[in-house]
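Enquirer: Can you read through this structure? Questions will come right after.
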There are 2 protein chains.
Amino acid sequence: MRNLTLKQIRYFDALARLGTFSAAAEACAVTQPALSMQIKEMEEGAGSPLLERGPRGVRLTAFGTMVHQRAKAMLAILEDLDGLSRAAGGAPAGKLRLGVIPTIAPYLLPAVITRLAEEFPDLSPILRESMTSRLIDELLDSRIDAAILALPVDEPALTEVALFTERFVLIRPQQEADRPVPNRDKLREMRLLLLEEGHCFRTQALSFCDMPSTQPREMLDGSSLSTLVQMVGVGVGVTLIPEMAVEIETRSAAVSVSRFRDPQPLRSIGMVWRKSSPMEAHLMQIAEVVRACGLRLRQSRGLTTLPGWRRD
Amino acid sequence: MRNLTLKQIRYFDALARLGTFSAAAEACAVTQPALSMQIKEMEEGAGSPLLERGPRGVRLTAFGTMVHQRAKAMLAILEDLDGLSRAAGGAPAGKLRLGVIPTIAPYLLPAVITRLAEEFPDLSPILRESMTSRLIDELLDSRIDAAILALPVDEPALTEVALFTERFVLIRPQQEADRPVPNRDKLREMRLLLLEEGHCFRTQALSFCDMPSTQPREMLDGSSLSTLVQMVGVGVGVTLIPEMAVEIETRSAAVSVSRFRDPQPLRSIGMVWRKSSPMEAHLMQIAEVVRACGLRLRQSRGLTTLPGWRRD
DNA sequence: GATGTATATAAGATATTCTGATGCGAAACC
DNA sequence: GGTTTCGCATCAGAATATCTTATATACATC
C-alpha cells in the first residue's frame, strides 16, 4: 500500500462501482489487462485480496469495501481540488466584504484597494475595520467574506492563509535616539505605551516583553498607534509599533525609530475565511494581491537596507 | 489537475513543510530536479502557481495553501489505508461481541463459530441474538463490536459490508405442492403467516407482497420461523422463509418448498460495525469468514440446481 | 460438448520519471 | 568588491512503469 497511485484508486473505484474488469476498463478508457494489472498490483501492495473473482464479475471483499470507502474519499478531495483550480482561473467579481484590524487597515488598505481595482475591475470591496475577536464573529456569522488580521486564529471552521510577516519597531523620543536599543528585559522597566485592551497588537507586544497581559500595569493605554506615537513625541514614554506603520505615523512626530536585535519581535499577517466559502477560489487570488501589497510596503521603506528575502 | 499523481502530492507536501526544493527532495529520497519537475507539472496542471520562489526557499501562494490542505487530507487517508492493510495481516484475537438477528442466527451461526474457531483459535466470540433495532442501539453504544443483519442499515456512524444475498421461498402445506406458484398478487389473497412486529424479515416479506406494514392484517403472527413452518404443516396457511432456514425448518413438517419466479424476493445479509472501531481490520477478516459460510450454506442445499454465481 | 463471457498472462511498444551534469541568480562571507 | 555558498531550472540519456495486442484459461449456459 506504500506505492499506491491515484490511477490505481481510480481504476479500483470504477471496478467497485461497475462490477467487472471489462466494464471498468472501458469506463477508464484503457484495456482490460491494463486495469487487471493495476488491481493486482494494488492487492499485492495491500497484502490481502480486495475482491473475490467470480465467473460473472467481481465483488468486494470486506477489506475491499473498507478500501473503497477511502478511495471514494480521496476521489472526492480530488474533485474538490479540480474545482478549486478551475475556479482559480476566473477573475473575482461582485461584492467582497472584507474586514481588517485597526493596526493594519490605515497602512495596508490604500495600496490594497488600488491594486484590487486595477487587477479586478469588476470587484466591489466593502471594507470594515474591527478588532480580531469581532471580525471572527462576523466571519462565522457570514457578515463578512474574509478578514485580514494577525495569525494564528485557530478556528476550525476557518481557513487561514499566511501572507507576510512584519517586525515591531521601537519608538522613542528623538533625544533618546543615541541610547542603545534595549533588550526585552530592559524594555520591561521602561514606560511602555500600548493600545487598549482588545487589540491583538497589545497582546503581542506584551508577550514579546514576557509580561502577562493580565498583570496590573501602570502604563498608559492609547486608542490608536497614532496617539501612542504622538505621546512618545512629547516624552511620556516609549512604544512599539508594527513596521508597516512607521512611515505614516512618524512623519509628524519628534521620535526615533529603532529595530531590535534578534530575535526580533514580529507578527504574521494573514487572511482568513470560512472553509465553506463559495468564493474560496476568488479569495485566494485576492489574498495574493494583499500579499504583494504587504511585501511591497515592507521593501519600499528606507528604514534600513532592504530586509532581504527570508522565510518567516 | 486532472493528471495529478500521489507522488506529486507527496512531493508537494514535503515541499510545503520543509520550504526548499532540495530539502524536500532529500526527504523524498529523490534528486532535486525530479522534485522540481513534478511540482512544475502540478502547477501546469492546476493553471496557477502553487508557490512563490525566492532566493532562500519557497513559500506557498494562497492557492498553494488551499491545495496543501487537500494534500494533507489525502495523505491522512493514505496513512489510514496503510494501517488498515498492515493490520489486515494479523489474525483476530481476543473477545468479539457479535450480534445476530433471529432469522439468521440459528442457521448461520453453527457454521460460523466452527469456522472462526478453526481460522482464528485465539478469538473468543461472544454471541447475542436480537432484532435489528436493538442491535443497532447496542452497536452505537459499544455494547457489541459488530452485528450480522439484513442491509441496508443506513446509520452514518456505522460501516456496512454486504456479504451475500439469499432468496425467500414459499412454504405451503404438503398437499398444495402441485399447485402453481403464486405471484405476489395472488399471494396477497392467501393466508400469509408472518413473524411478529419488529422482525425485519416481516417487513421485507410484506414489502414483497406490496402490502404496507401498517395495514391492519387478519393474519397470524408467529414468534419464530420454526413456529410458522409448523403451523403451515397443519394447514393454517402459507408462509415465507429465508432460503437459509429451509433445511432445518422443513425437516420435521409436512410442507412443500417452492421458489418464486423472477423477480424473486431476496434480502441482503451484511455485517456492520462502528466506523470508529479499532478492530476494523479484524472485523474485515471475520466478515470474510461469515461470507464464506453464507455462500457455502447457499450451495450445499439440494433444493434446486446450484444457483450459480451472480452479482446480487 | 460448443459457445459466450470474463479474467489472467506474456511480449513488445510507448510513456513517464529519474539521475547526473550544468547554468544562472541572489544572498552571505571575508 | 570579489568570492563562495545556497538554491532552483534545464537538459540529455538511462531506467522504470505502463499500456496494448494477442493468447490462454476458467466457468456457466445452451
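If you're wondering about the labels, chains in the C-alpha cells are A, B, ... by order shown, residues count from 1 in each chain, ligands from 1 in order shown.
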Which polymer residues have any atom within 10 Å of an atom of DG4 in chain C, counting only C-alpha atoms (C1' of nucleotides), with same-chain residues fewer than 4 positions away left out, as a list in words?
Expert: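 Selected residues are DA28, DT29 and DC30 of chain D.
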Enquirer: Residues as selected, N, CA and C atoms (P, O5', C5', C4', C3', O3' and C1' of nucleotides), written as a compact mmCIF listing (two decimals), in the first residue's frame, can you do that?
Expert:
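Okay, this is what ended up in again_28.txt:
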# COMPACT_ATOMS: atom_id res chain seq x y z
P DA D 28 -19.51 -22.16 -12.40
O5' DA D 28 -20.48 -21.65 -13.56
C5' DA D 28 -20.70 -20.24 -13.66
C4' DA D 28 -21.57 -19.95 -14.86
C3' DA D 28 -22.86 -20.77 -14.91
O3' DA D 28 -23.91 -19.93 -15.33
C1' DA D 28 -21.60 -21.14 -16.88
P DT D 29 -25.40 -20.44 -15.24
O5' DT D 29 -25.88 -20.35 -16.76
C5' DT D 29 -25.38 -19.28 -17.58
C4' DT D 29 -25.57 -19.64 -19.04
C3' DT D 29 -26.89 -20.36 -19.34
O3' DT D 29 -27.47 -19.76 -20.49
C1' DT D 29 -25.08 -21.58 -20.23
P DC D 30 -28.99 -20.02 -20.80
O5' DC D 30 -28.96 -20.77 -22.22
C5' DC D 30 -28.10 -20.25 -23.27
C4' DC D 30 -27.94 -21.33 -24.33
C3' DC D 30 -29.21 -22.13 -24.61
O3' DC D 30 -29.49 -22.09 -26.00
C1' DC D 30 -27.36 -23.58 -24.21
Enquirer: Pick out each residue of range 204-252 of chain A that DSSP on the backbone tags as strand (DSSP E or B); I need them as a list in words.
Expert: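 Those residues are Asp221, Gly222, Val238, Thr239, Leu240, Ile241 and Pro242 of chain A.
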Enquirer: Based on the selection just made, write N, CA and C atoms of those residues as a compact mmCIF listing (two decimals), in the first residue's frame.
Expert:
# COMPACT_ATOMS: atom_id res chain seq x y z
N ASP A 221 -2.67 53.62 28.19
CA ASP A 221 -3.18 52.94 27.01
C ASP A 221 -3.72 53.96 26.01
N GLY A 222 -3.39 53.77 24.76
CA GLY A 222 -3.90 54.66 23.73
C GLY A 222 -4.91 53.94 22.86
N VAL A 238 7.83 55.27 25.85
CA VAL A 238 8.22 54.67 24.56
C VAL A 238 7.10 53.74 24.12
N THR A 239 7.15 53.29 22.88
CA THR A 239 6.13 52.36 22.44
C THR A 239 6.68 51.48 21.32
N LEU A 240 5.90 50.44 21.02
CA LEU A 240 6.21 49.57 19.88
C LEU A 240 5.15 49.80 18.83
N ILE A 241 5.54 49.81 17.58
CA ILE A 241 4.54 49.82 16.51
C ILE A 241 5.00 48.86 15.43
N PRO A 242 4.06 48.37 14.65
CA PRO A 242 4.45 47.49 13.54
C PRO A 242 5.16 48.31 12.47
Enquirer: With only C-alpha atoms as the basis for distance, which of A:Arg70, A:Glu176, A:Ala62, A:Asp137 is at the shortest distance from Ala88 in chain B?
Expert: A:Ala62
Enquirer: Glu243 in chain B: which residues within 8 Å, counting only C-alpha atoms (C1' of nucleotides), same-chain residues fewer than 6 positions away excluded, as a ChimeraX atom specification?
Expert: /B:166-169,298
Enquirer: Restrict the calculation to only C-alpha atoms (C1' of nucleotides), then for each residue of chain D with any atom at most 12 Å from an atom of chain B give the closest atom pair and their distance in Å to one decimal, rows by chain and rising residue number, as CSV.
Expert:
residue,atom,partner,partner_atom,distance
D:DT5,C1',B:Arg56,CA,11.5
D:DC6,C1',B:Arg56,CA,7.6
D:DG7,C1',B:Pro55,CA,6.6
D:DC8,C1',B:Phe21,CA,7.5
D:DA9,C1',B:Pro33,CA,8.1
D:DT10,C1',B:Pro33,CA,8.8
D:DC11,C1',B:Pro33,CA,10.7
D:DC27,C1',B:Trp309,CA,9.5
D:DA28,C1',B:Gly308,CA,7.8
D:DT29,C1',B:Gly308,CA,10.5
Enquirer: Could you please select, counting only C-alpha atoms, the residues of chain B within 8 Å of chain A and state them as number ranges by chain?
Expert: B: 1-2, 4-7, 46-48, 54-59, 61-63, 65, 67, 70, 73-74, 77, 81-82, 85-86, 88-89, 161-163, 281, 284-285, 287-288, 309-311
Enquirer: Quick one: pull the distance between CA of Asp210 in chain B and CA of Leu187 in chain B, Å, one decimal.
Expert: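 For CA of Asp210 in chain B relative to CA of Leu187 in chain B, the distance reads 10.1 Å.
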Enquirer: Could you give me, as a tab-separated table, every chain B residue with an atom at most 8 Å from chain C, plus its closest atom pair and distance in Å to one decimal, counting only C-alpha atoms (C1' of nucleotides), rows ordered by chain then number?
Expert:
residue	atom	partner	partner_atom	distance
B:Val30	CA	C:DC18	C1'	8.0
B:Thr31	CA	C:DT19	C1'	7.2
B:Ala34	CA	C:DC18	C1'	6.3
B:Pro55	CA	C:DA26	C1'	5.7
Enquirer: With N, CA and C atoms kept, could you save the residues just selected as a PDB file, in the first residue's frame?
Expert:
ATOM      1  N   VAL B  30      14.678  11.524  -3.486  1.00  0.00           N
ATOM      2  CA  VAL B  30      14.891  11.686  -4.927  1.00  0.00           C
ATOM      3  C   VAL B  30      15.801  12.898  -5.116  1.00  0.00           C
ATOM      4  N   THR B  31      16.213  13.114  -6.335  1.00  0.00           N
ATOM      5  CA  THR B  31      17.069  14.270  -6.581  1.00  0.00           C
ATOM      6  C   THR B  31      16.214  15.516  -6.738  1.00  0.00           C
ATOM      7  N   ALA B  34      14.172  16.031  -9.999  1.00  0.00           N
ATOM      8  CA  ALA B  34      12.980  15.183 -10.089  1.00  0.00           C
ATOM      9  C   ALA B  34      11.811  15.871  -9.391  1.00  0.00           C
ATOM     10  N   PRO B  55      14.967  33.486  -3.272  1.00  0.00           N
ATOM     11  CA  PRO B  55      16.352  33.029  -3.261  1.00  0.00           C
ATOM     12  C   PRO B  55      16.693  32.115  -2.076  1.00  0.00           C
TER      13      PRO B  55
END
Enquirer: Could you check how far CA of Ser258 in chain A sits from CA of Glu197 in chain A, in Å to one decimal?
Expert: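 These two atoms are separated by 24.8 Å.
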Enquirer: Closest to Val272 in chain A among A:Phe12, A:Ala111, A:Ser130, A:Ala157, using only C-alpha atoms?
Expert: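 Using only C-alpha atoms, the shortest distance to Val272 in chain A belongs to A:Ala157.
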Enquirer: Range 140-148 of chain B: which residues within 8 Å, counting only C-alpha atoms (C1' of nucleotides), same-chain residues fewer than 4 positions away excluded, as a PyMOL selection string?
Expert: chain B and resi 96-101+135-136+157+269-274+277+283
Enquirer: Restricting the output to C-alpha atoms, write the selected residues as an mmCIF file, in the first residue's frame.
Expert:
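Contents of the output file again-v4.cif:
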data_model
loop_
_atom_site.group_PDB
_atom_site.id
_atom_site.type_symbol
_atom_site.label_atom_id
_atom_site.label_comp_id
_atom_site.auth_asym_id
_atom_site.auth_seq_id
_atom_site.Cartn_x
_atom_site.Cartn_y
_atom_site.Cartn_z
ATOM 1 C CA LEU B 96 -15.534 -10.444 19.847
ATOM 2 C CA ARG B 97 -19.051 -9.435 20.804
ATOM 3 C CA LEU B 98 -21.197 -10.254 17.843
ATOM 4 C CA GLY B 99 -24.924 -9.622 17.463
ATOM 5 C CA VAL B 100 -27.103 -11.560 15.039
ATOM 6 C CA ILE B 101 -30.768 -11.239 14.108
ATOM 7 C CA LEU B 135 -28.536 -4.473 17.688
ATOM 8 C CA ILE B 136 -28.004 -1.045 16.213
ATOM 9 C CA ALA B 157 -21.746 6.137 12.186
ATOM 10 C CA ILE B 269 -27.140 -10.045 4.535
ATOM 11 C CA GLY B 270 -24.266 -7.972 5.778
ATOM 12 C CA MET B 271 -22.119 -7.157 8.714
ATOM 13 C CA VAL B 272 -21.919 -3.726 10.316
ATOM 14 C CA TRP B 273 -19.692 -2.094 12.885
ATOM 15 C CA ARG B 274 -18.830 1.322 14.162
ATOM 16 C CA SER B 277 -13.981 0.640 15.648
ATOM 17 C CA LEU B 283 -13.722 -7.377 11.596
#
Enquirer: Within range 230-302 of chain A, find each residue whose DSSP state, derived from the backbone, is alpha helix (DSSP H), and express the selection as an mmCIF file with all heavy atoms, in the first residue's frame.
Expert:
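Okay, result.cif is ready:
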data_model
loop_
_atom_site.group_PDB
_atom_site.id
_atom_site.type_symbol
_atom_site.label_atom_id
_atom_site.label_comp_id
_atom_site.auth_asym_id
_atom_site.auth_seq_id
_atom_site.Cartn_x
_atom_site.Cartn_y
_atom_site.Cartn_z
ATOM 1 N N GLN A 230 2.384 60.022 19.063
ATOM 2 C CA GLN A 230 2.350 61.432 19.443
ATOM 3 C C GLN A 230 2.744 61.617 20.907
ATOM 4 O O GLN A 230 3.464 62.533 21.267
ATOM 5 C CB GLN A 230 0.958 62.019 19.202
ATOM 6 C CG GLN A 230 0.548 62.096 17.732
ATOM 7 C CD GLN A 230 1.511 62.926 16.893
ATOM 8 O OE1 GLN A 230 2.072 63.918 17.386
ATOM 9 N NE2 GLN A 230 1.725 62.512 15.653
ATOM 10 N N MET A 231 2.298 60.686 21.732
ATOM 11 C CA MET A 231 2.625 60.788 23.161
ATOM 12 C C MET A 231 4.099 60.538 23.396
ATOM 13 O O MET A 231 4.735 61.197 24.219
ATOM 14 C CB MET A 231 1.775 59.812 23.955
ATOM 15 C CG MET A 231 0.311 60.251 23.953
ATOM 16 S SD MET A 231 -0.751 59.100 24.819
ATOM 17 C CE MET A 231 -0.248 59.411 26.501
ATOM 18 N N VAL A 232 4.651 59.603 22.647
ATOM 19 C CA VAL A 232 6.099 59.393 22.756
ATOM 20 C C VAL A 232 6.825 60.686 22.362
ATOM 21 O O VAL A 232 7.803 61.077 22.983
ATOM 22 C CB VAL A 232 6.551 58.229 21.863
ATOM 23 C CG1 VAL A 232 8.064 58.143 21.808
ATOM 24 C CG2 VAL A 232 5.962 56.912 22.377
ATOM 25 N N GLY A 233 6.292 61.309 21.341
ATOM 26 C CA GLY A 233 6.927 62.530 20.839
ATOM 27 C C GLY A 233 7.043 63.620 21.897
ATOM 28 O O GLY A 233 7.987 64.404 21.877
ATOM 29 N N GLU A 243 6.101 47.669 11.839
ATOM 30 C CA GLU A 243 6.943 48.347 10.863
ATOM 31 C C GLU A 243 6.116 49.064 9.791
ATOM 32 O O GLU A 243 6.477 50.140 9.321
ATOM 33 C CB GLU A 243 7.838 47.298 10.199
ATOM 34 C CG GLU A 243 9.169 47.836 9.782
ATOM 35 C CD GLU A 243 10.113 46.716 9.379
ATOM 36 O OE1 GLU A 243 9.653 45.549 9.318
ATOM 37 O OE2 GLU A 243 11.278 47.002 9.134
ATOM 38 N N MET A 244 5.022 48.433 9.427
ATOM 39 C CA MET A 244 4.184 48.960 8.373
ATOM 40 C C MET A 244 3.695 50.381 8.697
ATOM 41 O O MET A 244 3.435 51.189 7.803
ATOM 42 C CB MET A 244 2.961 48.049 8.239
ATOM 43 C CG MET A 244 2.358 47.982 6.884
ATOM 44 S SD MET A 244 1.326 46.479 6.748
ATOM 45 C CE MET A 244 0.410 46.494 8.275
ATOM 46 N N ALA A 245 3.578 50.672 10.011
ATOM 47 C CA ALA A 245 3.001 51.953 10.427
ATOM 48 C C ALA A 245 4.049 53.054 10.499
ATOM 49 O O ALA A 245 3.706 54.226 10.635
ATOM 50 C CB ALA A 245 2.314 51.793 11.780
ATOM 51 N N VAL A 246 5.300 52.677 10.419
ATOM 52 C CA VAL A 246 6.369 53.633 10.655
ATOM 53 C C VAL A 246 6.267 54.864 9.758
ATOM 54 O O VAL A 246 6.243 55.996 10.231
ATOM 55 C CB VAL A 246 7.747 52.965 10.464
ATOM 56 C CG1 VAL A 246 8.853 54.020 10.412
ATOM 57 C CG2 VAL A 246 8.001 51.982 11.598
ATOM 58 N N GLU A 247 6.182 54.602 8.487
ATOM 59 C CA GLU A 247 6.258 55.713 7.548
ATOM 60 C C GLU A 247 5.202 56.781 7.824
ATOM 61 O O GLU A 247 5.494 57.968 7.914
ATOM 62 C CB GLU A 247 6.102 55.173 6.120
ATOM 63 C CG GLU A 247 6.486 56.212 5.090
ATOM 64 C CD GLU A 247 6.655 55.567 3.717
ATOM 65 O OE1 GLU A 247 6.316 54.366 3.591
ATOM 66 O OE2 GLU A 247 7.120 56.254 2.799
ATOM 67 N N ILE A 248 3.974 56.327 8.002
ATOM 68 C CA ILE A 248 2.897 57.287 8.207
ATOM 69 C C ILE A 248 2.934 57.925 9.590
ATOM 70 O O ILE A 248 2.817 59.146 9.736
ATOM 71 C CB ILE A 248 1.530 56.591 7.985
ATOM 72 C CG1 ILE A 248 1.392 56.250 6.489
ATOM 73 C CG2 ILE A 248 0.390 57.471 8.457
ATOM 74 C CD1 ILE A 248 0.129 55.517 6.154
ATOM 75 N N GLU A 249 3.141 57.116 10.606
ATOM 76 C CA GLU A 249 2.975 57.630 11.969
ATOM 77 C C GLU A 249 4.137 58.483 12.452
ATOM 78 O O GLU A 249 3.982 59.263 13.388
ATOM 79 C CB GLU A 249 2.755 56.468 12.945
ATOM 80 C CG GLU A 249 1.525 55.645 12.663
ATOM 81 C CD GLU A 249 0.238 56.485 12.684
ATOM 82 O OE1 GLU A 249 0.282 57.664 13.075
ATOM 83 O OE2 GLU A 249 -0.806 55.947 12.284
ATOM 84 N N GLU A 280 -14.064 30.848 -2.278
ATOM 85 C CA GLU A 280 -12.688 30.490 -1.939
ATOM 86 C C GLU A 280 -11.700 30.739 -3.084
ATOM 87 O O GLU A 280 -10.619 31.282 -2.886
ATOM 88 C CB GLU A 280 -12.635 29.017 -1.512
ATOM 89 C CG GLU A 280 -11.266 28.577 -1.079
ATOM 90 C CD GLU A 280 -11.342 27.340 -0.192
ATOM 91 O OE1 GLU A 280 -11.622 26.255 -0.712
ATOM 92 O OE2 GLU A 280 -11.115 27.483 1.018
ATOM 93 N N ALA A 281 -12.082 30.323 -4.266
ATOM 94 C CA ALA A 281 -11.165 30.461 -5.399
ATOM 95 C C ALA A 281 -10.835 31.931 -5.644
ATOM 96 O O ALA A 281 -9.715 32.283 -6.009
ATOM 97 C CB ALA A 281 -11.780 29.839 -6.643
ATOM 98 N N HIS A 282 -11.812 32.802 -5.425
ATOM 99 C CA HIS A 282 -11.558 34.234 -5.609
ATOM 100 C C HIS A 282 -10.736 34.789 -4.455
ATOM 101 O O HIS A 282 -9.841 35.587 -4.649
ATOM 102 C CB HIS A 282 -12.886 34.988 -5.712
ATOM 103 C CG HIS A 282 -13.615 34.711 -6.974
ATOM 104 N ND1 HIS A 282 -14.941 35.013 -7.154
ATOM 105 C CD2 HIS A 282 -13.201 34.165 -8.139
ATOM 106 C CE1 HIS A 282 -15.308 34.645 -8.367
ATOM 107 N NE2 HIS A 282 -14.266 34.124 -8.976
ATOM 108 N N LEU A 283 -11.057 34.312 -3.271
ATOM 109 C CA LEU A 283 -10.356 34.828 -2.095
ATOM 110 C C LEU A 283 -8.859 34.543 -2.187
ATOM 111 O O LEU A 283 -8.033 35.343 -1.769
ATOM 112 C CB LEU A 283 -10.971 34.213 -0.836
ATOM 113 C CG LEU A 283 -12.400 34.696 -0.573
ATOM 114 C CD1 LEU A 283 -13.061 33.899 0.541
ATOM 115 C CD2 LEU A 283 -12.386 36.175 -0.219
ATOM 116 N N MET A 284 -8.523 33.389 -2.755
ATOM 117 C CA MET A 284 -7.116 33.059 -2.931
ATOM 118 C C MET A 284 -6.415 34.120 -3.766
ATOM 119 O O MET A 284 -5.321 34.562 -3.445
ATOM 120 C CB MET A 284 -6.974 31.717 -3.668
ATOM 121 C CG MET A 284 -7.452 30.518 -2.911
ATOM 122 S SD MET A 284 -7.144 29.000 -3.845
ATOM 123 C CE MET A 284 -7.453 29.507 -5.516
ATOM 124 N N GLN A 285 -7.075 34.518 -4.828
ATOM 125 C CA GLN A 285 -6.453 35.491 -5.718
ATOM 126 C C GLN A 285 -6.346 36.859 -5.048
ATOM 127 O O GLN A 285 -5.360 37.574 -5.211
ATOM 128 C CB GLN A 285 -7.272 35.619 -7.008
ATOM 129 C CG GLN A 285 -7.352 34.319 -7.771
ATOM 130 C CD GLN A 285 -8.126 34.488 -9.063
ATOM 131 O OE1 GLN A 285 -7.710 35.198 -9.965
ATOM 132 N NE2 GLN A 285 -9.263 33.838 -9.145
ATOM 133 N N ILE A 286 -7.383 37.166 -4.274
ATOM 134 C CA ILE A 286 -7.353 38.443 -3.561
ATOM 135 C C ILE A 286 -6.237 38.427 -2.525
ATOM 136 O O ILE A 286 -5.494 39.394 -2.369
ATOM 137 C CB ILE A 286 -8.725 38.699 -2.921
ATOM 138 C CG1 ILE A 286 -9.719 39.028 -4.035
ATOM 139 C CG2 ILE A 286 -8.656 39.833 -1.912
ATOM 140 C CD1 ILE A 286 -11.159 38.827 -3.669
ATOM 141 N N ALA A 287 -6.106 37.298 -1.846
ATOM 142 C CA ALA A 287 -5.046 37.167 -0.850
ATOM 143 C C ALA A 287 -3.690 37.405 -1.501
ATOM 144 O O ALA A 287 -2.800 38.034 -0.917
ATOM 145 C CB ALA A 287 -5.097 35.782 -0.214
ATOM 146 N N GLU A 288 -3.557 36.924 -2.704
ATOM 147 C CA GLU A 288 -2.279 37.086 -3.398
ATOM 148 C C GLU A 288 -1.967 38.571 -3.638
ATOM 149 O O GLU A 288 -0.827 39.007 -3.486
ATOM 150 C CB GLU A 288 -2.341 36.319 -4.720
ATOM 151 C CG GLU A 288 -1.128 35.505 -5.040
ATOM 152 C CD GLU A 288 -0.666 34.656 -3.873
ATOM 153 O OE1 GLU A 288 -1.401 33.742 -3.448
ATOM 154 O OE2 GLU A 288 0.442 34.929 -3.378
ATOM 155 N N VAL A 289 -3.007 39.330 -3.964
ATOM 156 C CA VAL A 289 -2.818 40.766 -4.171
ATOM 157 C C VAL A 289 -2.440 41.441 -2.851
ATOM 158 O O VAL A 289 -1.527 42.269 -2.794
ATOM 159 C CB VAL A 289 -4.106 41.404 -4.740
ATOM 160 C CG1 VAL A 289 -3.996 42.913 -4.732
ATOM 161 C CG2 VAL A 289 -4.369 40.870 -6.132
ATOM 162 N N VAL A 290 -3.125 41.044 -1.785
ATOM 163 C CA VAL A 290 -2.830 41.636 -0.483
ATOM 164 C C VAL A 290 -1.384 41.329 -0.091
ATOM 165 O O VAL A 290 -0.659 42.202 0.392
ATOM 166 C CB VAL A 290 -3.792 41.094 0.595
ATOM 167 C CG1 VAL A 290 -3.406 41.629 1.955
ATOM 168 C CG2 VAL A 290 -5.224 41.473 0.252
ATOM 169 N N ARG A 291 -0.965 40.121 -0.354
ATOM 170 C CA ARG A 291 0.421 39.775 -0.020
ATOM 171 C C ARG A 291 1.392 40.658 -0.787
ATOM 172 O O ARG A 291 2.354 41.185 -0.221
ATOM 173 C CB ARG A 291 0.709 38.323 -0.353
ATOM 174 C CG ARG A 291 2.205 38.055 -0.350
ATOM 175 C CD ARG A 291 2.544 36.658 -0.747
ATOM 176 N NE ARG A 291 1.972 35.728 0.221
ATOM 177 C CZ ARG A 291 1.925 34.438 0.044
ATOM 178 N NH1 ARG A 291 2.393 33.908 -1.064
ATOM 179 N NH2 ARG A 291 1.412 33.658 0.960
ATOM 180 N N ALA A 292 1.121 40.806 -2.055
ATOM 181 C CA ALA A 292 2.017 41.623 -2.870
ATOM 182 C C ALA A 292 2.112 43.040 -2.289
ATOM 183 O O ALA A 292 3.196 43.607 -2.180
ATOM 184 C CB ALA A 292 1.518 41.659 -4.307
ATOM 185 N N CYS A 293 0.984 43.570 -1.859
ATOM 186 C CA CYS A 293 0.995 44.919 -1.270
ATOM 187 C C CYS A 293 1.823 44.944 0.000
ATOM 188 O O CYS A 293 2.603 45.864 0.240
ATOM 189 C CB CYS A 293 -0.434 45.356 -0.949
ATOM 190 S SG CYS A 293 -1.442 45.641 -2.403
ATOM 191 N N GLY A 294 1.643 43.914 0.816
ATOM 192 C CA GLY A 294 2.368 43.856 2.081
ATOM 193 C C GLY A 294 3.866 43.803 1.838
ATOM 194 O O GLY A 294 4.638 44.529 2.470
ATOM 195 N N LEU A 295 4.267 42.950 0.921
ATOM 196 C CA LEU A 295 5.695 42.814 0.658
ATOM 197 C C LEU A 295 6.256 44.111 0.071
ATOM 198 O O LEU A 295 7.355 44.529 0.428
ATOM 199 C CB LEU A 295 5.934 41.647 -0.302
ATOM 200 C CG LEU A 295 5.614 40.280 0.290
ATOM 201 C CD1 LEU A 295 5.859 39.180 -0.726
ATOM 202 C CD2 LEU A 295 6.434 40.040 1.556
ATOM 203 N N ARG A 296 5.468 44.719 -0.778
ATOM 204 C CA ARG A 296 5.928 45.975 -1.378
ATOM 205 C C ARG A 296 6.146 47.040 -0.312
ATOM 206 O O ARG A 296 7.162 47.711 -0.286
ATOM 207 C CB ARG A 296 4.882 46.453 -2.384
ATOM 208 C CG ARG A 296 5.303 47.618 -3.206
ATOM 209 C CD ARG A 296 5.574 47.216 -4.650
ATOM 210 N NE ARG A 296 4.329 46.781 -5.260
ATOM 211 C CZ ARG A 296 3.468 47.624 -5.865
ATOM 212 N NH1 ARG A 296 3.737 48.904 -5.906
ATOM 213 N NH2 ARG A 296 2.376 47.174 -6.413
ATOM 214 N N LEU A 297 5.184 47.117 0.597
ATOM 215 C CA LEU A 297 5.290 48.082 1.687
ATOM 216 C C LEU A 297 6.566 47.863 2.472
ATOM 217 O O LEU A 297 7.273 48.796 2.840
ATOM 218 C CB LEU A 297 4.107 47.897 2.641
ATOM 219 C CG LEU A 297 2.956 48.868 2.533
ATOM 220 C CD1 LEU A 297 1.968 48.627 3.639
ATOM 221 C CD2 LEU A 297 3.482 50.296 2.586
ATOM 222 N N ARG A 298 6.841 46.592 2.724
ATOM 223 C CA ARG A 298 7.982 46.244 3.555
ATOM 224 C C ARG A 298 9.290 46.659 2.890
ATOM 225 O O ARG A 298 10.268 46.981 3.554
ATOM 226 C CB ARG A 298 7.965 44.730 3.784
ATOM 227 C CG ARG A 298 8.929 44.256 4.805
ATOM 228 C CD ARG A 298 8.510 42.930 5.361
ATOM 229 N NE ARG A 298 8.980 41.834 4.538
ATOM 230 C CZ ARG A 298 8.990 40.556 4.934
ATOM 231 N NH1 ARG A 298 8.539 40.242 6.127
ATOM 232 N NH2 ARG A 298 9.409 39.627 4.143
ATOM 233 N N GLN A 299 9.300 46.648 1.572
ATOM 234 C CA GLN A 299 10.539 46.950 0.878
ATOM 235 C C GLN A 299 10.710 48.438 0.600
ATOM 236 O O GLN A 299 11.821 48.956 0.645
ATOM 237 C CB GLN A 299 10.579 46.195 -0.452
ATOM 238 C CG GLN A 299 10.742 44.709 -0.232
ATOM 239 C CD GLN A 299 10.926 43.978 -1.539
ATOM 240 O OE1 GLN A 299 10.806 44.577 -2.607
ATOM 241 N NE2 GLN A 299 11.210 42.697 -1.452
#
